[in-house]
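*Asks:* Okay, here's the structure, questions in a sec.
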Amino acid sequence: MTEQTNRPDDGRGLAPKTVVMDEEALGRALTRIAHEILEANDGADRLAVVGIVTRGKVLAKMLVDRIEQIEGVRVPLGSLDISLYRDDYGHRLSPVLHSTSLPFDVDGSHVVLVDDVLFTGRTIRAALDALMDYGRPQCVRLAVVVDRGHRELPIRADYVGKNVPSARSETVRLALPPFDDHAAVEIWDARDWARAKELRDRAARADESGKEARQ
Amino acid sequence: MLSVRNLINTPSLTRDDIRQILDTAATFEQVNSRTIKKLPTLRGRTIVNLFLEPSTRTKSSFELACKRLGADTLSVAGSSSSVVKGESLVDTVLTLDAMNVDMFICRAKYAGSPEIIARTTGARVINAGDGKHAHPTQALLDLYTMRKRFGRLEGLRVGIVGDSLHSRVVGSLVPALRTVGAEVTLVGPATFLPAAPEALGATSCARIDDVLGDLDVVYMLRVQNERLDGAAIPSVREYAALYGLDARRAARMRPEAVVMHPGPVNRGVELTSEVADSPRALILNQVNAGVSVRMAAIYLLLGGESDVVSD
């Protein structure tokens, strides 16, 4: 198939229903969360920020940068891949495992877990299990950019960028560089997003195999 | 996701399959270095370790791999199974299969046994070594060890010294090395070399000293007394003198070149203790990589039951 015949269906016609946060709103929310974290923790003592891969990892870095600007202290930054702790393994395969990095003593630390969208709570359940296998934190708090509701487990966020009531038929997603070309919180019709994602993934794979062929 | 349902031998693996397994193994290596090494990933899955031939290192390595992934394991050894009562392999497998197991890991004396198991059961199968045929996880852990040391596999010059003809390690390692773009030279007396090494994509050489200085990896095979049918070599002492790697020979290797061995080492035959315990020798690194690589193979094979990608 040539690019020409592909064009009418390349996903460009697909767009989010609503953009609930733009890049500036996202930046302000993260700055507020950084203040709230420091206030609740009474400073940066024993604080560590751990992002859940992949977007949480980038968000965690943004929070650590802001905490440094406010408090003048660079708190430890970690990342957690929860693929091996999911409860839906076998139904949904995570073919690419990312590395987990917790470059601080987990025992006794004050961990802030960071994720993009809080939905069913299952990701956070998995993240807590993963974290506990590395040590025993003094406390664990949760920071998310968006809480979209529909929890299936008794989990809530301590720091929330924005509460976004949503229908299950919708997809709420955080677009974030370097994964996307812009930063925003978007609400999509789930089918539109599935289609857009499929087209994007296909383009990425074509790009990848092109790279490999050239090597 | 892997392009294969079962891991029987390496020629069926694509370059991308191998890359996926090695990359996944790198994550598991991290897990294996922390205090709590157990994962809940395969909780509730059942894996049968069917070892119809004696094995210590491969069996322990697979058992640990299964347990660290959280799977339940069932060990069936040849001597304690109904095989000694005359039950056929197919019947043994059908019986175990009727208990709803998810995977068979099989070590067998007869080449082709894992293939037969794969045809008999709907469960996934990993070949843990069959006769003189194949030993794919050994090849993969060797590749992992090489990649970790050199940062690449493509273009590596690997010399495999010893009894290539009777070695299942060679049966899996050579095709895997060719798939990832490494160059392979088989070294040994004519009675130890295949008639047509070029069919494997390898070259051959009768004298170790002719190639030693060019190699990145010197892979020493074990002299398998139990698999020699009589007179392949005149004497072990003569073999050690002509092909054994001692300190004098090792001194002629490239400075960054490494020594590997699938184990167990016959000290004083293919390797002297001085070389086997030197910093060049990656023998224990290979054993260490074994658990992570086997975890990766099990994870990727058992996870491939659905192609719905996680969001």
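Just so we're on the same page: first chain in the structure tokens is A, next is B, and so on; residues restart at 1 for each chain, and ligands are numbered from 1 in the order they show up.
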Taking only residues of segment 49-105 of chain B that have an atom at most 10 Å from an atom of segment 131-137 of chain B, what is each one's shortest atom pair and its distance in Å to one decimal, using only C-alpha atoms, in chain and number order, as JSON lines?

*Replies:*
{"residue": "B:Glu53", "atom": "CA", "partner": "B:Gly131", "partner_atom": "CA", "distance": 9.2}
{"residue": "B:Thr58", "atom": "CA", "partner": "B:Thr137", "partner_atom": "CA", "distance": 9.1}
{"residue": "B:Phe62", "atom": "CA", "partner": "B:Thr137", "partner_atom": "CA", "distance": 9.7}

*Asks:* May I have the residues from that selection written out with N, CA, C and O atoms, as a PDB file, in the first residue's frame?

*Replies:*
ATOM      1  N   GLU B  53      16.647 -36.631  31.716  1.00  0.00           N
ATOM      2  CA  GLU B  53      18.072 -36.892  31.702  1.00  0.00           C
ATOM      3  C   GLU B  53      18.661 -36.097  32.859  1.00  0.00           C
ATOM      4  O   GLU B  53      18.161 -35.019  33.154  1.00  0.00           O
ATOM      5  N   THR B  58      21.011 -26.702  34.640  1.00  0.00           N
ATOM      6  CA  THR B  58      19.877 -26.264  33.831  1.00  0.00           C
ATOM      7  C   THR B  58      18.576 -26.422  34.619  1.00  0.00           C
ATOM      8  O   THR B  58      17.720 -25.540  34.617  1.00  0.00           O
ATOM      9  N   PHE B  62      16.114 -23.344  35.659  1.00  0.00           N
ATOM     10  CA  PHE B  62      14.715 -23.273  35.235  1.00  0.00           C
ATOM     11  C   PHE B  62      13.775 -23.217  36.437  1.00  0.00           C
ATOM     12  O   PHE B  62      12.785 -22.477  36.437  1.00  0.00           O
TER      13      PHE B  62
END

*Asks:* For the structure I just gave you, how does DSSP split segment 34-278 of chain B - specifically, which residues are strand (DSSP E)? Reply as number ranges by chain.

*Replies:* B: 46-51, 72-77, 103-108, 124-130, 157-161, 183-187, 203-205, 217-220, 258-260

*Asks:* Which of these residues is nearest to Asp133 of chain A, using only C-alpha atoms: B:Pro40, B:Pro197, B:Pro279, B:Pro255?

*Replies:* B:Pro40

*Asks:* When you look at Ile116 of chain B with a cut-off of 12 Å (counting only C-alpha atoms), what residues show up, excluding the ones that are within fewer than 3 positions of it in the same chain? I need them as a ChimeraX atom specification.

*Replies:* /B:6,8,88-94,104,106,108,110-113,119-122,125-127,130

*Asks:* Which is closer to chain B than all the others in A:Leu84, A:Glu170, A:Val114, A:Ser101, using only C-alpha atoms?

*Replies:*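 Among the listed residues, A:Leu84 lies closest to chain B.
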
*Asks:* Taking a cut-off of 12 Å and counting only C-alpha atoms, can you build a table that, for each residue of chain B near chain A, reports the nearest atom pair and how far apart they are in Å (one decimal), sorted by chain then residue number, as JSON lines?

*Replies:*
{"residue": "B:Met1", "atom": "CA", "partner": "A:Pro95", "partner_atom": "CA", "distance": 5.7}
{"residue": "B:Leu2", "atom": "CA", "partner": "A:Pro95", "partner_atom": "CA", "distance": 8.9}
{"residue": "B:Arg15", "atom": "CA", "partner": "A:Glu212", "partner_atom": "CA", "distance": 10.6}
{"residue": "B:Asp16", "atom": "CA", "partner": "A:Glu212", "partner_atom": "CA", "distance": 10.0}
{"residue": "B:Asp17", "atom": "CA", "partner": "A:Pro95", "partner_atom": "CA", "distance": 11.0}
{"residue": "B:Arg19", "atom": "CA", "partner": "A:Val96", "partner_atom": "CA", "distance": 10.9}
{"residue": "B:Gln20", "atom": "CA", "partner": "A:Val96", "partner_atom": "CA", "distance": 7.8}
{"residue": "B:Ile21", "atom": "CA", "partner": "A:Pro95", "partner_atom": "CA", "distance": 9.9}
{"residue": "B:Leu22", "atom": "CA", "partner": "A:Leu97", "partner_atom": "CA", "distance": 11.1}
{"residue": "B:Asp23", "atom": "CA", "partner": "A:Leu97", "partner_atom": "CA", "distance": 7.9}
{"residue": "B:Thr24", "atom": "CA", "partner": "A:Leu97", "partner_atom": "CA", "distance": 6.1}
{"residue": "B:Ala25", "atom": "CA", "partner": "A:Leu97", "partner_atom": "CA", "distance": 9.3}
{"residue": "B:Ala26", "atom": "CA", "partner": "A:Ser99", "partner_atom": "CA", "distance": 8.3}
{"residue": "B:Thr27", "atom": "CA", "partner": "A:Ser99", "partner_atom": "CA", "distance": 5.7}
{"residue": "B:Phe28", "atom": "CA", "partner": "A:Ser99", "partner_atom": "CA", "distance": 9.0}
{"residue": "B:Glu29", "atom": "CA", "partner": "A:Ser99", "partner_atom": "CA", "distance": 10.0}
{"residue": "B:Gln30", "atom": "CA", "partner": "A:Ser99", "partner_atom": "CA", "distance": 7.8}
{"residue": "B:Val31", "atom": "CA", "partner": "A:Thr100", "partner_atom": "CA", "distance": 8.8}
{"residue": "B:Asn32", "atom": "CA", "partner": "A:Tyr134", "partner_atom": "CA", "distance": 11.8}
{"residue": "B:Ser33", "atom": "CA", "partner": "A:Tyr134", "partner_atom": "CA", "distance": 10.8}
{"residue": "B:Arg34", "atom": "CA", "partner": "A:Tyr134", "partner_atom": "CA", "distance": 7.2}
{"residue": "B:Thr35", "atom": "CA", "partner": "A:Tyr134", "partner_atom": "CA", "distance": 7.2}
{"residue": "B:Ile36", "atom": "CA", "partner": "A:Asp133", "partner_atom": "CA", "distance": 5.7}
{"residue": "B:Lys37", "atom": "CA", "partner": "A:Asp133", "partner_atom": "CA", "distance": 8.1}
{"residue": "B:Lys38", "atom": "CA", "partner": "A:Asp133", "partner_atom": "CA", "distance": 8.3}
{"residue": "B:Leu39", "atom": "CA", "partner": "A:Leu84", "partner_atom": "CA", "distance": 6.9}
{"residue": "B:Pro40", "atom": "CA", "partner": "A:Tyr85", "partner_atom": "CA", "distance": 6.0}
{"residue": "B:Thr41", "atom": "CA", "partner": "A:Leu84", "partner_atom": "CA", "distance": 5.0}
{"residue": "B:Leu42", "atom": "CA", "partner": "A:Tyr89", "partner_atom": "CA", "distance": 7.7}
{"residue": "B:Arg43", "atom": "CA", "partner": "A:Asp87", "partner_atom": "CA", "distance": 9.3}
{"residue": "B:Gly44", "atom": "CA", "partner": "A:Tyr89", "partner_atom": "CA", "distance": 11.0}
{"residue": "B:Arg45", "atom": "CA", "partner": "A:Gly90", "partner_atom": "CA", "distance": 10.1}
{"residue": "B:Arg68", "atom": "CA", "partner": "A:Leu84", "partner_atom": "CA", "distance": 11.2}
{"residue": "B:Leu69", "atom": "CA", "partner": "A:Leu84", "partner_atom": "CA", "distance": 8.6}
{"residue": "B:Gly70", "atom": "CA", "partner": "A:Leu84", "partner_atom": "CA", "distance": 10.2}
{"residue": "B:Asp102", "atom": "CA", "partner": "A:Gly90", "partner_atom": "CA", "distance": 11.5}
{"residue": "B:Glu154", "atom": "CA", "partner": "A:Gln215", "partner_atom": "CA", "distance": 10.8}
{"residue": "B:Gly181", "atom": "CA", "partner": "A:Gln215", "partner_atom": "CA", "distance": 11.9}
{"residue": "B:Met295", "atom": "CA", "partner": "A:Leu84", "partner_atom": "CA", "distance": 11.6}
{"residue": "B:Ala296", "atom": "CA", "partner": "A:Leu97", "partner_atom": "CA", "distance": 10.2}
{"residue": "B:Ala297", "atom": "CA", "partner": "A:Pro95", "partner_atom": "CA", "distance": 11.8}
{"residue": "B:Tyr299", "atom": "CA", "partner": "A:Leu84", "partner_atom": "CA", "distance": 9.4}
{"residue": "B:Leu300", "atom": "CA", "partner": "A:Pro95", "partner_atom": "CA", "distance": 7.4}
{"residue": "B:Leu301", "atom": "CA", "partner": "A:Gly90", "partner_atom": "CA", "distance": 10.2}
{"residue": "B:Leu302", "atom": "CA", "partner": "A:Gly90", "partner_atom": "CA", "distance": 7.3}
{"residue": "B:Gly303", "atom": "CA", "partner": "A:Gly90", "partner_atom": "CA", "distance": 5.1}
{"residue": "B:Gly304", "atom": "CA", "partner": "A:Leu93", "partner_atom": "CA", "distance": 6.7}
{"residue": "B:Glu305", "atom": "CA", "partner": "A:Gly90", "partner_atom": "CA", "distance": 6.2}
{"residue": "B:Ser306", "atom": "CA", "partner": "A:His91", "partner_atom": "CA", "distance": 5.8}
{"residue": "B:Asp307", "atom": "CA", "partner": "A:Leu93", "partner_atom": "CA", "distance": 7.0}
{"residue": "B:Val308", "atom": "CA", "partner": "A:Arg92", "partner_atom": "CA", "distance": 5.3}
{"residue": "B:Val309", "atom": "CA", "partner": "A:Arg92", "partner_atom": "CA", "distance": 5.5}
{"residue": "B:Ser310", "atom": "CA", "partner": "A:Arg92", "partner_atom": "CA", "distance": 5.1}
{"residue": "B:Asp311", "atom": "CA", "partner": "A:Arg92", "partner_atom": "CA", "distance": 8.6}

*Asks:* Please compute the atom CA of Leu77 of chain A-atom CA of Leu102 of chain A distance, one decimal, in Å.

*Replies:*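 Separating atom CA of Leu77 of chain A from atom CA of Leu102 of chain A is a distance of 7.3 Å.
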
*Asks:* Which neighbours of Val19 of chain A fall inside 12 Å, counting only C-alpha atoms, when residues of the same chain fewer than 4 positions from it are skipped, and could you give them as a PyMOL selection string?

*Replies:* chain A and resi 15+23+25-26+164+171-175+182-188

*Asks:* Residues of chain A in helix (DSSP H, G or I) according to DSSP, as number ranges by chain?

*Replies:* A: 3-9, 23-41, 55-71, 83-85, 122-132, 190-214

*Asks:* Between atom CA of Val145 of chain A and atom CA of Ser169 of chain A, what is the distance in Å, rounded to a tenth?

*Replies:*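 Straight-line distance from atom CA of Val145 of chain A to atom CA of Ser169 of chain A works out to 20.1 Å.
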
*Asks:* Show me, as a VMD selection string, the residues that have an atom within 12 Å of Ala34 of chain A when counting only C-alpha atoms, minus same-chain residues fewer than 6 positions from it.

*Replies:* chain A and resid 27 to 28 40 to 41 43 to 44 47 49 59 to 71 75 112 114 143 to 145 158 to 161

*Asks:* Mind writing the picked residues with C-alpha atoms as a PDB file, in the first residue's frame?

*Replies:*
ATOM      1  CA  GLY A  27       2.269  23.344  34.447  1.00  0.00           C
ATOM      2  CA  ARG A  28       0.303  25.311  37.064  1.00  0.00           C
ATOM      3  CA  ALA A  40       2.210  17.912  53.740  1.00  0.00           C
ATOM      4  CA  ASN A  41       5.711  16.505  54.174  1.00  0.00           C
ATOM      5  CA  GLY A  43       9.792  20.093  53.743  1.00  0.00           C
ATOM      6  CA  ALA A  44      11.818  17.732  51.595  1.00  0.00           C
ATOM      7  CA  LEU A  47      10.995  12.655  50.374  1.00  0.00           C
ATOM      8  CA  VAL A  49       9.300  10.978  43.999  1.00  0.00           C
ATOM      9  CA  LEU A  59       5.793  13.788  35.407  1.00  0.00           C
ATOM     10  CA  ALA A  60       7.902  12.734  38.408  1.00  0.00           C
ATOM     11  CA  LYS A  61      10.899  14.477  36.893  1.00  0.00           C
ATOM     12  CA  MET A  62       8.811  17.645  36.389  1.00  0.00           C
ATOM     13  CA  LEU A  63       7.717  17.503  40.029  1.00  0.00           C
ATOM     14  CA  VAL A  64      11.279  17.006  41.273  1.00  0.00           C
ATOM     15  CA  ASP A  65      12.382  20.028  39.221  1.00  0.00           C
ATOM     16  CA  ARG A  66       9.632  22.147  40.779  1.00  0.00           C
ATOM     17  CA  ILE A  67      10.395  20.948  44.298  1.00  0.00           C
ATOM     18  CA  GLU A  68      14.006  21.960  43.732  1.00  0.00           C
ATOM     19  CA  GLN A  69      12.927  25.433  42.573  1.00  0.00           C
ATOM     20  CA  ILE A  70      10.748  25.905  45.647  1.00  0.00           C
ATOM     21  CA  GLU A  71      12.821  24.252  48.353  1.00  0.00           C
ATOM     22  CA  VAL A  75      14.943  14.985  46.118  1.00  0.00           C
ATOM     23  CA  VAL A 112       5.180  10.104  46.376  1.00  0.00           C
ATOM     24  CA  VAL A 114       3.185   9.752  40.357  1.00  0.00           C
ATOM     25  CA  ALA A 143      -0.103  12.273  42.918  1.00  0.00           C
ATOM     26  CA  VAL A 144      -2.006  12.187  39.617  1.00  0.00           C
ATOM     27  CA  VAL A 145      -2.647  14.730  36.915  1.00  0.00           C
ATOM     28  CA  ASP A 158      -3.595  12.631  47.752  1.00  0.00           C
ATOM     29  CA  TYR A 159      -2.708  15.216  45.127  1.00  0.00           C
ATOM     30  CA  VAL A 160      -4.882  15.732  42.054  1.00  0.00           C
ATOM     31  CA  GLY A 161      -4.263  18.060  39.125  1.00  0.00           C
TER      32      GLY A 161
END

*Asks:* Which one of A:Leu38, A:Leu113, A:Val106, A:Val73 sits closest to Gly51 of chain A if you count only C-alpha atoms?

*Replies:*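 For Gly51 of chain A, the nearest of the candidates is A:Leu113.
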
*Asks:* With a distance cut-off of 12 Å and only C-alpha atoms, select the neighbouring residues of Glu152 of chain A, excluding the residue or stretch itself and same-chain residues fewer than 4 positions from it, and output the selection as a ChimeraX atom specification.

*Replies:* /A:118-125,156

*Asks:* Do you know which residues are at most 7 Å from Ala240 of chain B counting only C-alpha atoms, after dropping those on the same chain fewer than 4 positions away, and could you put them as a PyMOL selection string?

*Replies:* chain B and resi 236+244+269-270

*Asks:* So the first atom is atom CA of Ser60 of chain B and the second is atom CA of Asp142 of chain B; what is the distance between them in Å, to one decimal place?

*Replies:*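 Spanning atom CA of Ser60 of chain B to atom CA of Asp142 of chain B is a straight-line distance of 17.2 Å.
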
*Asks:* Between B:Leu245, B:Ala250, B:Leu177, B:Leu271, single out the one closest to Arg147 of chain B, counting only C-alpha atoms.

*Replies:* B:Leu177

*Asks:* Restricting the calculation to only C-alpha atoms, which member of A:Lys162, A:His35, A:Arg46, A:Arg55 is positioned closest to Pro177 of chain A?

*Replies:*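 The answer is A:Arg55, which sits nearest to Pro177 of chain A.
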